[in-house]
Structures are given as structure tokens and as C-alpha cells.
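Data block for data_34.cif (mmCIF, C-alpha atoms (C1' of nucleotides)):
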data_work
loop_
_atom_site.label_atom_id
_atom_site.label_comp_id
_atom_site.auth_asym_id
_atom_site.auth_seq_id
_atom_site.Cartn_x
_atom_site.Cartn_y
_atom_site.Cartn_z
CA MET C 1 -16.83 29.67 0.57
CA ILE C 2 -13.78 30.45 -1.49
CA ASN C 3 -14.35 31.84 -4.98
CA LEU C 4 -11.58 31.37 -7.52
CA ASN C 5 -11.17 32.69 -11.02
CA LYS C 6 -9.48 31.28 -14.05
CA THR C 7 -5.90 32.48 -14.12
CA PHE C 8 -3.96 30.09 -16.32
CA SER C 9 -4.40 27.37 -18.87
CA THR C 10 -2.13 25.14 -20.87
CA THR C 11 -2.09 21.79 -22.60
CA LEU C 12 -0.04 18.85 -21.40
CA LYS C 13 0.96 15.70 -23.22
CA PRO C 14 0.97 12.61 -21.01
CA ILE C 15 3.09 9.66 -22.02
CA PRO C 16 0.94 7.26 -24.05
CA PRO C 17 -0.97 5.13 -23.58
CA TYR C 18 -3.06 7.27 -21.25
CA ASN C 19 -6.78 6.69 -20.72
CA PHE C 20 -8.19 9.88 -19.26
CA ASP C 21 -11.53 8.81 -17.84
CA SER C 22 -10.50 5.54 -16.23
CA THR C 23 -7.43 7.19 -14.77
CA VAL C 24 -9.08 10.20 -13.16
CA LEU C 25 -12.25 8.49 -11.96
CA LYS C 26 -12.26 5.37 -9.79
CA PRO C 27 -15.84 4.10 -9.50
CA ALA C 28 -14.81 1.71 -6.73
CA HIS C 29 -14.41 4.73 -4.45
CA TYR C 30 -17.21 5.89 -2.23
CA PRO C 31 -18.98 9.07 -3.37
CA ASP C 32 -17.46 12.23 -1.90
CA PRO C 33 -17.76 15.98 -2.53
CA LEU C 34 -14.02 16.26 -3.24
CA LYS C 35 -14.34 16.24 -6.99
CA VAL C 36 -16.72 16.65 -9.87
CA TYR C 37 -16.52 14.32 -12.82
CA GLU C 38 -18.13 14.43 -16.23
CA ALA C 39 -16.99 12.41 -19.21
CA GLY C 40 -13.66 13.89 -20.28
CA LYS C 41 -13.72 16.49 -17.48
CA TYR C 42 -12.51 16.53 -13.90
CA TRP C 43 -12.58 19.25 -11.26
CA PHE C 44 -10.80 19.12 -7.90
CA VAL C 45 -9.13 21.33 -5.31
CA LEU C 46 -5.39 21.43 -4.92
CA ARG C 47 -3.80 22.65 -1.69
CA LEU C 48 -0.17 23.34 -2.41
CA ASN C 49 2.38 25.41 -0.50
CA LYS C 50 -0.34 26.94 1.73
CA LYS C 51 -2.39 28.06 -1.25
CA VAL C 52 -5.68 26.84 -2.63
CA TYR C 53 -6.26 26.23 -6.32
CA GLY C 54 -9.15 24.96 -8.34
CA ILE C 55 -7.99 22.59 -11.04
CA LYS C 56 -9.93 21.56 -14.10
CA LEU C 57 -8.66 18.82 -16.38
CA LEU C 58 -10.05 18.42 -19.86
CA ASN C 59 -9.43 15.48 -22.13
CA LYS C 60 -8.35 16.80 -25.51
CA GLY C 61 -6.69 13.73 -26.96
CA VAL C 62 -7.00 9.99 -27.34
CA VAL C 63 -5.35 7.07 -25.54
CA ASN C 64 -2.47 6.73 -27.96
CA LYS C 65 -2.07 10.48 -28.45
CA PRO C 66 -3.14 11.94 -25.14
CA GLU C 67 -3.55 15.65 -24.54
CA ILE C 68 -4.91 17.20 -21.42
CA GLN C 69 -5.81 20.82 -20.92
CA ILE C 70 -5.19 21.96 -17.38
CA VAL C 71 -6.98 25.09 -16.23
CA ILE C 72 -5.87 26.73 -13.00
CA PHE C 73 -8.26 28.81 -10.90
CA SER C 74 -6.86 30.94 -8.10
CA LYS C 75 -7.30 34.15 -6.09
CA THR C 76 -4.33 35.88 -7.66
CA LYS C 77 -2.42 35.29 -10.82
CA PRO C 78 0.14 32.54 -10.20
CA SER C 79 3.81 33.16 -10.86
CA GLN C 80 5.80 31.07 -13.30
CA ASN C 81 7.25 29.11 -10.39
CA GLU C 82 3.84 28.52 -8.89
CA ILE C 83 2.57 27.25 -12.21
CA LYS C 84 5.53 24.96 -12.54
CA ASP C 85 4.90 23.52 -9.05
CA ILE C 86 1.20 23.03 -9.71
CA ILE C 87 1.77 21.24 -12.98
CA GLU C 88 4.44 19.05 -11.46
CA GLU C 89 2.16 18.08 -8.61
CA VAL C 90 -0.85 17.38 -10.81
CA SER C 91 1.38 15.38 -13.15
CA TYR C 92 2.48 13.24 -10.26
CA ARG C 93 -1.02 12.68 -8.91
CA PHE C 94 -2.39 11.66 -12.28
CA GLU C 95 0.77 10.08 -13.66
CA PHE C 96 1.06 12.16 -16.82
CA GLN C 97 4.75 11.32 -17.07
CA ARG C 98 4.78 7.68 -16.00
CA ASP C 99 5.47 5.24 -18.77
CA ILE C 100 3.60 1.99 -18.16
CA SER C 101 3.80 0.65 -21.71
CA GLU C 102 5.90 -2.22 -20.36
CA PHE C 103 2.85 -3.51 -18.50
CA PHE C 104 0.81 -3.76 -21.66
CA LYS C 105 3.65 -5.25 -23.66
CA LYS C 106 4.13 -7.90 -21.05
CA PHE C 107 0.52 -8.90 -20.48
CA LYS C 108 -1.48 -8.07 -23.59
CA LYS C 109 -1.63 -11.80 -24.32
CA ASP C 110 -2.10 -12.88 -20.72
CA LYS C 111 -5.08 -15.23 -20.59
CA VAL C 112 -6.67 -13.61 -17.57
CA LEU C 113 -5.66 -10.01 -18.03
CA SER C 114 -5.98 -9.43 -21.76
CA PRO C 115 -9.71 -8.65 -21.87
CA PHE C 116 -9.31 -6.13 -19.06
CA ILE C 117 -6.30 -4.55 -20.71
CA LYS C 118 -8.21 -4.31 -23.95
CA ARG C 119 -11.10 -2.54 -22.27
CA TRP C 120 -9.10 -0.17 -20.07
CA TYR C 121 -5.91 0.20 -22.09
CA GLY C 122 -3.97 3.20 -20.78
CA MET C 123 -5.57 3.31 -17.33
CA HIS C 124 -3.20 4.51 -14.62
CA GLY C 125 -3.59 4.75 -10.89
CA SER C 126 -4.33 8.25 -9.66
CA CYS C 127 -5.12 10.18 -6.52
CA ALA C 128 -6.51 13.71 -6.51
CA GLN C 129 -5.70 14.13 -2.79
CA ASP C 130 -2.38 14.56 -1.09
CA LEU C 131 -1.16 11.95 1.38
CA TYR C 132 -2.79 13.68 4.33
CA GLY C 133 -6.14 13.95 2.55
CA LEU C 134 -6.13 10.32 1.55
CA LEU C 135 -5.23 9.36 5.09
CA MET C 136 -8.34 11.18 6.31
CA ILE C 137 -10.36 9.15 3.82
CA GLY C 138 -8.70 5.99 5.11
CA ILE C 139 -9.81 6.84 8.64
CA PHE C 140 -13.39 7.47 7.50
CA LEU C 141 -13.40 3.99 6.01
CA GLN C 142 -12.33 2.19 9.14
CA ASN C 143 -14.66 -0.23 10.85
CA THR C 144 -17.95 0.97 9.45
CA VAL C 145 -20.33 0.71 6.55
CA ILE C 146 -20.08 2.98 3.53
CA LYS C 147 -23.21 4.89 4.34
CA ARG C 148 -21.68 6.08 7.55
CA THR C 149 -18.34 6.77 5.88
CA VAL C 150 -20.14 9.08 3.45
CA GLN C 151 -21.97 10.78 6.29
CA MET C 152 -18.83 11.35 8.37
CA THR C 153 -16.94 12.71 5.37
CA LYS C 154 -19.73 15.17 4.64
CA ASN C 155 -20.07 16.28 8.26
CA MET C 156 -16.37 16.89 8.71
CA LEU C 157 -15.84 18.62 5.37
CA GLU C 158 -18.80 20.94 5.86
CA LYS C 159 -17.66 21.96 9.31
CA TYR C 160 -13.86 22.03 9.02
CA GLY C 161 -13.01 21.66 5.34
CA ILE C 162 -12.94 24.31 2.64
CA LYS C 163 -15.65 24.78 0.07
CA VAL C 164 -14.24 26.11 -3.16
CA LYS C 165 -16.24 27.51 -6.03
CA PHE C 166 -14.71 27.73 -9.50
CA ASP C 167 -15.92 27.20 -13.03
CA ASN C 168 -19.47 27.01 -11.61
CA LYS C 169 -18.58 23.91 -9.63
CA GLU C 170 -18.44 23.55 -5.86
CA VAL C 171 -15.77 21.24 -4.57
CA TYR C 172 -14.52 20.57 -1.06
CA TYR C 173 -11.10 19.90 0.30
CA PHE C 174 -9.74 18.93 3.69
CA TRP C 175 -8.63 21.13 6.56
CA THR C 176 -4.93 21.42 7.36
CA PRO C 177 -3.36 19.45 10.21
CA GLU C 178 -2.63 22.76 11.96
CA GLU C 179 -6.32 23.65 11.97
CA ILE C 180 -7.70 20.37 13.20
CA ILE C 181 -5.40 19.90 16.19
CA LYS C 182 -6.94 23.02 17.72
CA ILE C 183 -10.40 21.48 17.81
CA PRO C 184 -11.33 19.72 21.06
CA GLU C 185 -11.94 16.00 20.60
CA LYS C 186 -15.42 16.39 22.02
CA GLU C 187 -16.35 18.82 19.28
CA LEU C 188 -15.24 16.39 16.60
CA ARG C 189 -17.22 13.64 18.26
CA ASN C 190 -20.33 15.74 17.91
CA LEU C 191 -20.04 15.06 14.19
CA LYS C 192 -20.56 11.33 14.88
CA VAL C 193 -17.10 10.22 13.93
CA GLY C 194 -16.71 8.26 17.16
CA TYR C 195 -13.26 7.07 18.18
CA ARG C 196 -11.89 8.47 14.91
CA ALA C 197 -11.90 11.94 16.51
CA LYS C 198 -8.81 10.95 18.44
CA LEU C 199 -7.17 9.63 15.29
CA PHE C 200 -7.70 12.86 13.35
CA ILE C 201 -5.99 14.80 16.11
CA LYS C 202 -3.15 12.36 16.76
CA LEU C 203 -2.42 11.87 13.08
CA SER C 204 -2.46 15.60 12.40
CA GLN C 205 -0.03 16.11 15.26
CA SER C 206 2.23 13.48 13.72
CA PHE C 207 2.13 15.25 10.39
CA ILE C 208 3.21 18.49 12.02
CA LYS C 209 5.63 17.24 14.65
CA GLU C 210 7.35 14.42 12.84
CA LYS C 211 7.25 16.44 9.66
CA ILE C 212 5.91 13.63 7.57
CA ASN C 213 7.22 14.57 4.21
CA GLU C 214 5.12 13.26 1.39
CA TYR C 215 7.75 14.15 -1.20
CA GLU C 216 10.35 12.16 0.67
CA LEU C 217 8.03 9.18 1.02
CA ARG C 218 7.38 9.22 -2.72
CA GLN C 219 11.05 8.51 -3.32
CA LEU C 220 11.24 5.48 -1.05
CA PRO C 221 10.93 1.84 -2.09
CA VAL C 222 7.53 0.47 -1.19
CA GLU C 223 8.65 -1.55 1.83
CA GLU C 224 10.40 1.42 3.42
CA ALA C 225 7.46 3.73 2.86
CA LYS C 226 5.21 1.06 4.34
CA GLU C 227 7.35 0.71 7.42
CA ARG C 228 7.27 4.46 8.06
CA LEU C 229 3.54 4.85 7.52
CA LEU C 230 2.72 1.91 9.79
CA LYS C 231 4.30 3.81 12.66
CA LEU C 232 1.44 6.28 12.52
CA TYR C 233 -1.16 5.71 15.22
CA GLY C 234 -4.31 4.36 13.63
CA VAL C 235 -2.62 3.19 10.44
CA GLY C 236 -2.72 -0.57 10.04
CA PRO C 237 -2.39 -2.98 7.12
CA GLU C 238 -5.50 -1.87 5.22
CA THR C 239 -4.99 1.87 5.61
CA VAL C 240 -1.34 1.58 4.64
CA ARG C 241 -2.30 -0.38 1.56
CA ILE C 242 -4.60 2.43 0.48
CA LEU C 243 -1.87 5.01 1.01
CA LEU C 244 0.85 3.03 -0.76
CA VAL C 245 -1.23 2.11 -3.76
CA GLU C 246 -3.19 5.30 -4.26
CA ALA C 247 -1.25 8.23 -2.86
CA LEU C 248 2.23 6.83 -3.49
CA HIS C 249 1.38 4.97 -6.71
CA HIS C 250 3.03 1.64 -5.96
CA TYR C 251 2.09 -0.96 -8.54
CA ASP C 252 4.37 -3.63 -7.16
CA ILE C 253 2.52 -4.46 -3.95
CA PHE C 254 -0.42 -6.77 -3.38
CA ASP C 255 -0.08 -8.21 0.08
CA HIS C 256 -3.27 -7.39 1.95
CA ILE C 257 -6.94 -8.08 1.28
CA ALA C 258 -9.74 -7.02 3.62
CA PRO C 259 -12.63 -9.50 4.14
CA TRP C 260 -15.13 -7.68 1.89
CA GLN C 261 -12.47 -7.45 -0.85
CA GLN C 262 -11.73 -11.14 -0.45
CA LYS C 263 -15.31 -11.97 -1.40
CA ILE C 264 -15.12 -9.82 -4.51
CA TYR C 265 -11.72 -11.09 -5.65
CA SER C 266 -12.89 -14.66 -5.09
CA ARG C 267 -15.68 -14.10 -7.61
CA LEU C 268 -13.62 -12.14 -10.08
CA LEU C 269 -10.55 -14.36 -10.13
CA PHE C 270 -11.86 -17.81 -9.27
CA ASN C 271 -15.60 -17.53 -9.84
CA LYS C 272 -16.11 -18.88 -6.34
CA LYS C 273 -17.80 -17.54 -3.26
CA LEU C 274 -14.79 -17.58 -1.01
CA VAL C 275 -11.14 -18.34 -1.65
CA SER C 276 -8.56 -17.89 1.10
CA VAL C 277 -6.76 -14.56 1.25
CA ASP C 278 -3.45 -16.35 1.09
CA LYS C 279 -4.37 -18.12 -2.11
CA ILE C 280 -5.57 -14.91 -3.79
CA ILE C 281 -2.40 -13.05 -2.85
CA LYS C 282 -0.14 -15.84 -4.09
CA TYR C 283 -2.10 -16.15 -7.33
CA VAL C 284 -1.96 -12.43 -8.16
CA ASN C 285 1.71 -12.08 -7.29
CA SER C 286 2.86 -15.18 -9.11
CA LYS C 287 0.97 -14.20 -12.24
CA TRP C 288 1.78 -10.51 -12.48
CA GLY C 289 4.83 -10.01 -10.28
CA GLU C 290 6.02 -6.42 -10.08
CA TRP C 291 2.77 -5.34 -11.76
CA ALA C 292 0.54 -7.27 -9.37
CA GLY C 293 -1.05 -4.17 -7.87
CA LEU C 294 -1.84 -2.56 -11.20
CA ALA C 295 -3.08 -5.83 -12.67
CA ALA C 296 -5.44 -6.32 -9.74
CA SER C 297 -6.76 -2.79 -10.18
CA TYR C 298 -7.67 -3.49 -13.82
CA ILE C 299 -9.81 -6.41 -12.72
CA TRP C 300 -11.17 -4.58 -9.71
CA GLU C 301 -12.12 -1.27 -11.33
CA ASN C 302 -13.69 -3.02 -14.30
CA ILE C 303 -16.57 -4.44 -12.30
CA PHE C 304 -17.21 -1.08 -10.64
CA TRP C 305 -17.23 0.68 -14.02
CA LYS C 306 -19.82 -1.79 -15.20
CA ARG C 307 -21.84 -1.06 -12.11
CA LYS C 308 -21.50 2.70 -12.66
CA GLN C 309 -22.65 2.23 -16.23
CA GLY C 310 -25.86 0.72 -14.95
CA LYS C 311 -25.22 -3.01 -15.09
CA LYS C 312 -26.90 -4.78 -12.16
CA ILE C 313 -24.58 -7.18 -10.39
CA ASP C 314 -26.50 -8.64 -7.48
CA TRP C 315 -23.66 -10.34 -5.63
CA LEU C 316 -21.60 -7.14 -5.82
CA GLU C 317 -24.36 -4.94 -4.43
CA LYS C 318 -24.50 -7.23 -1.44
CA GLU C 319 -20.81 -6.83 -0.72
CA ILE C 320 -20.47 -3.06 -1.05
CA ARG C 321 -23.54 -1.97 0.94
CA LEU C 322 -23.80 1.60 -0.22
"C1'" DC N 1 -37.72 -2.89 21.72
"C1'" DA N 2 -32.62 -4.87 21.88
"C1'" DT N 3 -28.75 -6.62 19.58
"C1'" DC N 4 -25.14 -6.56 16.27
"C1'" DA N 5 -21.89 -6.17 12.51
"C1'" DG N 6 -19.47 -3.09 9.82
"C1'" DG N 7 -14.45 -1.15 3.49
"C1'" DG N 8 -9.65 -1.60 11.20
"C1'" DC N 9 -6.72 -0.84 14.70
"C1'" DC N 10 -4.82 -0.87 19.29
"C1'" DC N 11 -4.08 -3.02 23.46
"C1'" DT N 12 -4.03 -6.72 26.62
"C1'" DG N 13 -3.18 -11.24 28.34
"C1'" DC X 1 -1.29 -14.55 18.40
"C1'" DA X 2 -6.25 -14.31 19.74
"C1'" DG X 3 -9.80 -11.63 21.24
"C1'" DG X 4 -12.10 -7.63 23.33
"C1'" DG X 5 -13.25 -2.78 22.91
"C1'" DC X 6 -14.05 1.30 20.37
"C1'" DC X 7 -18.22 5.24 18.26
"C1'" DC X 8 -22.24 5.19 15.77
"C1'" DT X 9 -25.97 3.65 12.77
"C1'" DG X 10 -29.02 0.98 10.02
"C1'" DA X 11 -30.45 -3.71 9.58
"C1'" DT X 12 -32.54 -7.60 11.72
#
Would you mind giving the structure from this file in C-alpha cells?
Amino acid sequence: MINLNKTFSTTLKPIPPYNFDSTVLKPAHYPDPLKVYEAGKYWFVLRLNKKVYGIKLLNKGVVNKPEIQIVIFSKTKPSQNEIKDIIEEVSYRFEFQRDISEFFKKFKKDKVLSPFIKRWYGMHGSCAQDLYGLLMIGIFLQNTVIKRTVQMTKNMLEKYGIKVKFDNKEVYYFWTPEEIIKIPEKELRNLKVGYRAKLFIKLSQSFIKEKINEYELRQLPVEEAKERLLKLYGVGPETVRILLVEALHHYDIFDHIAPWQQKIYSRLLFNKKLVSVDKIIKYVNSKWGEWAGLAASYIWENIFWKRKQGKKIDWLEKEIRL
DNA sequence: CATCAGGGCCCTG
DNA sequence: CAGGGCCCTGAT
């Protein structure tokens, strides 16, 4: 267990509109011990430049005049440069400086989208993990049910991850690639991750050897980033979609739908049980173009927020199998 | 008790 | 390009 103390705090001003809660928390995600959320508050662990920080975000503003207090917890007092790097990284992950007002201007009167925009005005995409961390999550999701995904995540984090205590919260984060490649595959398999054990090792080796540079990937156009990520062993169309949309924040891609998602989109967009994947993709892209990915997320997250807020949606429960 | 699909992907033929 | 196999687990 790593104990961290409060060492720095400041207030940031994201570009409006910025909706804090719907940006930091994505109820469509499976429950994990990687963050703690309370209304207007968010705790997570940041691994940056070989150091470990606890980060607390506090909503101090409103959607049209957003202010976020960021509190840094660390072992030693961070230097000015360290602080600058941390703030830059957190700003990227939560899109404090991304102006998406164009999206709202363009679609506030859109027949389909307008009610969702009204409800979640200022919601951005976000990802508290780095690319490597999200990739690990992507592997946990492969070819299984959510219950087992949750179990595998817990097993692996408790054995090989780091448990960080700060601000009276306990939050986990992932191991480093360097650490996990030293573990024999058999030992990983003992944690009931199955064939994924091999993937964790191979992928971690790729991150070290091929020097997969997240910062470089962030600069690439979506198709180029996609091409590079698909070269990774164990990364296919669904995992790459997760990485592109969440870790690399691409709003302009909507080209893959897994079967369980197909059922949900069919209901949400067409009010039908099952519409072909091809038809859904064409519909979303033709309607919302370069904003297709973000538009889809407004419709997608909305139903999961309703669920989180206690609304019973029988057909949805059947599809997500928690 | 046995069988099987599941929030994919790789490999083979 | 289709289809089998992979790990394990809860559901049937």
C-alpha cells in the first residue's frame, strides 16, 4: 500500500461548455477499483514519468463557467515542472482544453440528438487511464461476461497492481509493462485470466520493445493510429475502437459495433430489436459525420446514466449481464 | 451431471 | 472469408 499526502492544489478553468460529472464518470463502464466517484468529486491514480500520484478533482463551477480544483497527492513535494506535466496530462485525459462548442452549435436542433444534448450539454469523452492501462481493460473485456471481467480485474490488480491511499480513499492502478513481463505465464493463469495471460505478457513486451509512444499516437490522425494499434497482438477491431475513442479521444470514428452493442443501438436508434450493424454505422455516420463518435456516446451514455440513477430498463439488463 | 456462450482475436484451410 | 479454438465461469 502506498500512502500519499496532499502536496499541491490549484484551480483550472476548462473551456466551456464542460459538464463535470458526465465527463469524468461513464456509467456504461464496468465497475472497477481504479477510481472513486461522488457527485462533483473524482479520485484516481496517475502514473507519470515513473512516479505515482493521487489526483482528486473537484467541481467548483457550472457547465457554462466551469472550474475544477485539482489536488495532487504525492510522496514528495512536486517541482514546478512536475506540476506542469501532471496538469497537462490530466487536462488531456479529461479534455479541459478541448473546445467542442461546434458540436452543440451544429446539432442543438438535430431531431434525434437535441434531447440528449440538452440533458448532457458539455459532456466530453474522458479516460482516467493511460493507453497501456486502458489496453489492459480491453483485454479483460475480451470474450467473456462482465462478471468475469470484474473478477479478473480485481485478481490482477490485487496481486500485481498498486494500491494507493490518499485523501482517505483507496484506489488501484495497473502494474508497469516492465513488471509484468517478469511474471511466468503460469502464475498469471492462476488468477483465472485464461489465454489472456499470454496477451498481457506479449503486449507489455511490445510496449517496451517497440517503444509504443502514447504521446506520438495522440498526434496521429485516427486511421494512422488505428493501423499502428492493430499491429499489436491481441488487439482487434473492438479493442482498437475502445483505445481510439477513449484513450485517444477520437470523436470522428464510428465504424465497429460488437453484437451486444448492436442490440442496444438497435433499440436506442430505431426502437427495434435488431438492425444490421451496417445500417447502424451508415445511419450514425451520415447523420453526424465527423462528430459521429461523440454523438453516439451521448445516446449511449444516457441510457446507462438512467440505469445508474435507478431506472429499471428490463431489455438493457438482459444485454449487459452484470 | 454436462454443455455452452460470453462486452474477441488469431490462425488455419 | 468462414470457422474452430482459446481459458474460465455461471447459466441452463
Residue members of the PyMOL selection byres ((chain N and resi 7) around 8) in the file shown, as a list of chain:residue names: C:Leu141, C:Gln142, C:Asn143, C:Thr144, C:Val145, C:Ile146, C:Ala258, C:Trp260, C:Gln261, C:Ile320
Of the residues C:Gln129, C:Lys159, C:Leu217, C:Thr239, which is the one nearest to Asn190 in chain C, using only C-alpha atoms?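 Closest to Asn190 in chain C of all the choices is C:Lys159.
Here the question is which of C:Val275, C:Ala128, C:Ile280, C:Ile264 gets nearest to chain N using all atoms listed in the file, and that residue is C:Ile264.
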Show which residues sit within 12 Å of DC4 in chain N, as a PyMOL selection string. Count all atoms listed in the file, and ignore same-chain residues fewer than 6 positions away. chain X and resi 9-12
Residues of chain N within 9 Å of chain C, counting all atoms listed in the file, as a PyMOL selection string: chain N and resi 5-10
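Within the 9 Å cut-off around Ala295 in chain C, using all atoms listed in the file and omitting residues fewer than 2 positions from it on the same chain, the listed residues are Phe103, Leu113, Phe116, Ile117, Tyr251, Val284, Trp288, Trp291, Ala292, Gly293, Ser297, Tyr298, Ile299 and Trp300 of chain C.
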Generate a file of the selected residues that holds C-alpha atoms, formatted as a PDB file, keeping the file's coordinate frame.
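Here's the written file selection_30.pdb:
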ATOM      1  CA  PHE C 103       2.850  -3.510 -18.500  1.00  0.00           C
ATOM      2  CA  LEU C 113      -5.660 -10.010 -18.030  1.00  0.00           C
ATOM      3  CA  PHE C 116      -9.310  -6.130 -19.060  1.00  0.00           C
ATOM      4  CA  ILE C 117      -6.300  -4.550 -20.710  1.00  0.00           C
ATOM      5  CA  TYR C 251       2.090  -0.960  -8.540  1.00  0.00           C
ATOM      6  CA  VAL C 284      -1.960 -12.430  -8.160  1.00  0.00           C
ATOM      7  CA  TRP C 288       1.780 -10.510 -12.480  1.00  0.00           C
ATOM      8  CA  TRP C 291       2.770  -5.340 -11.760  1.00  0.00           C
ATOM      9  CA  ALA C 292       0.540  -7.270  -9.370  1.00  0.00           C
ATOM     10  CA  GLY C 293      -1.050  -4.170  -7.870  1.00  0.00           C
ATOM     11  CA  SER C 297      -6.760  -2.790 -10.180  1.00  0.00           C
ATOM     12  CA  TYR C 298      -7.670  -3.490 -13.820  1.00  0.00           C
ATOM     13  CA  ILE C 299      -9.810  -6.410 -12.720  1.00  0.00           C
ATOM     14  CA  TRP C 300     -11.170  -4.580  -9.710  1.00  0.00           C
TER      15      TRP C 300
END
Considering only C-alpha atoms (C1' of nucleotides), give me a table of residues in chain X that are at most 8 Å from chain C, with the closest atom pair and distance in Å for each, as JSON lines.
{"residue": "X:DC6", "atom": "C1'", "partner": "C:Tyr195", "partner_atom": "CA", "distance": 6.2}
{"residue": "X:DC7", "atom": "C1'", "partner": "C:Gly194", "partner_atom": "CA", "distance": 3.6}
{"residue": "X:DC8", "atom": "C1'", "partner": "C:Lys192", "partner_atom": "CA", "distance": 6.4}
{"residue": "X:DT9", "atom": "C1'", "partner": "C:Arg148", "partner_atom": "CA", "distance": 7.2}
Using only C-alpha atoms, can you tell me which of C:Asp99, C:Glu170, C:Glu82, C:Glu158 comes closest to Val36 in chain C?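 Once distances to Val36 in chain C are computed over only C-alpha atoms, the minimum belongs to C:Glu170.
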Exercise on range 116-134 of chain C, axis-aligned box with 6 Å per side, report centre and edge lengths in Å to one decimal, as lines of an AutoDock Vina configuration file:
center_x = -6.1
center_y = 4.2
center_z = -9.8
size_x = 21.9
size_y = 32.7
size_z = 40.3
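Residues in contact with DT12 in chain N at 12 Å, where all atoms listed in the file are counted and same-chain residues fewer than 5 positions away are skipped, are listed as DC1, DA2, DG3, DG4 and DG5 of chain X.
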Just so the selection is clear, what residues does the PyMOL selection byres ((chain C and resi 176) around 9) cover here, as a list of chain:residue names? C:Tyr132, C:Gly133, C:Gly161, C:Phe174, C:Trp175, C:Pro177, C:Glu178, C:Glu179, C:Ile180, C:Ile181, C:Ser204
The PyMOL selection byres ((chain C and resi 12) around 12) resolved against shown file, as a list in words: Ser9, Thr10, Thr11, Lys13, Pro14, Ile15, Pro16, Tyr18, Leu57, Leu58, Asn59, Lys60, Gly61, Lys65, Pro66, Glu67, Ile68, Gln69, Ile70, Val71, Ile87, Glu88, Val90, Ser91, Phe94, Glu95, Phe96 and Gln97 of chain C
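Atom pair CA of Ile2 in chain C / CA of Pro33 in chain C has a distance of 15.0 Å (rounded to one decimal).
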Between CA of Arg228 in chain C and CA of Met136 in chain C, measure the distance and give it in Å to one decimal. 17.1 Å
So what do you get for CA of Asn155 in chain C versus CA of Lys56 in chain C, distance-wise?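 Answer for the CA of Asn155 in chain C to CA of Lys56 in chain C separation: 25.1 Å.
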As an NGL selection string, please: the residues near Val45 in chain C (cut-off 9 Å, only C-alpha atoms (C1' of nucleotides), same-chain neighbours under 4 positions excluded). :C and (34-35 or 52-56 or 128-129 or 164 or 171-173)
